[in-house]
Amino acid sequence: VGYVMLKKEVFRLVSMLKDPVLVAFTTSSSEAAYPKTLEQLSKFGCSPNIVSFVLPIGYSFNLVGSMVY
């Protein structure tokens, strides 16, 4: 799906998000990776307004799923 929307830019996005994903995985906390993810998405060209709205929503849904489990 990402390739259909972003074409070859999806590979650049994945390489930019490699470090935040590694931090989130090794610390078991997406909260630790949030600042770097926000920075990398802004560098990629995403609107800071959109990023600062969507990332916290995803984080909140993740917490709700953990609590339900």
# chains A, B, ... in the order shown; residues from 1 in each chain; ligands from 1

call {"tool": "residues_around", "arguments": {"residues": "stretch 9-14 of chain A", "least_positions_apart": "6", "cutoff": "7 Å", "atoms": "only C-alpha atoms", "output": "list in words"}}
result
Gly2, Tyr3 and Phe44 of chain A

call {"tool": "write_last_selection", "arguments": {"atoms": "N, CA, C and O atoms", "output": "PDB file, in the first residue's frame"}}
result
ATOM      1  N   GLY A   2       1.952   1.212   0.802  1.00  0.00           N
ATOM      2  CA  GLY A   2       2.855   2.359   0.846  1.00  0.00           C
ATOM      3  C   GLY A   2       3.507   2.617  -0.496  1.00  0.00           C
ATOM      4  O   GLY A   2       3.677   3.766  -0.907  1.00  0.00           O
ATOM      5  N   TYR A   3       3.853   1.556  -1.212  1.00  0.00           N
ATOM      6  CA  TYR A   3       4.496   1.707  -2.511  1.00  0.00           C
ATOM      7  C   TYR A   3       3.538   2.308  -3.529  1.00  0.00           C
ATOM      8  O   TYR A   3       3.945   3.110  -4.367  1.00  0.00           O
ATOM      9  N   PHE A  44      10.885  14.226   6.165  1.00  0.00           N
ATOM     10  CA  PHE A  44      10.400  13.531   4.978  1.00  0.00           C
ATOM     11  C   PHE A  44       9.479  14.420   4.154  1.00  0.00           C
ATOM     12  O   PHE A  44       9.353  14.237   2.946  1.00  0.00           O
TER      13      PHE A  44
END

call {"tool": "residues_around", "arguments": {"residues": "stretch 19-36 of chain A", "least_positions_apart": "2", "cutoff": "12 Å", "atoms": "only C-alpha atoms", "output": "count of residues only"}}
result
24
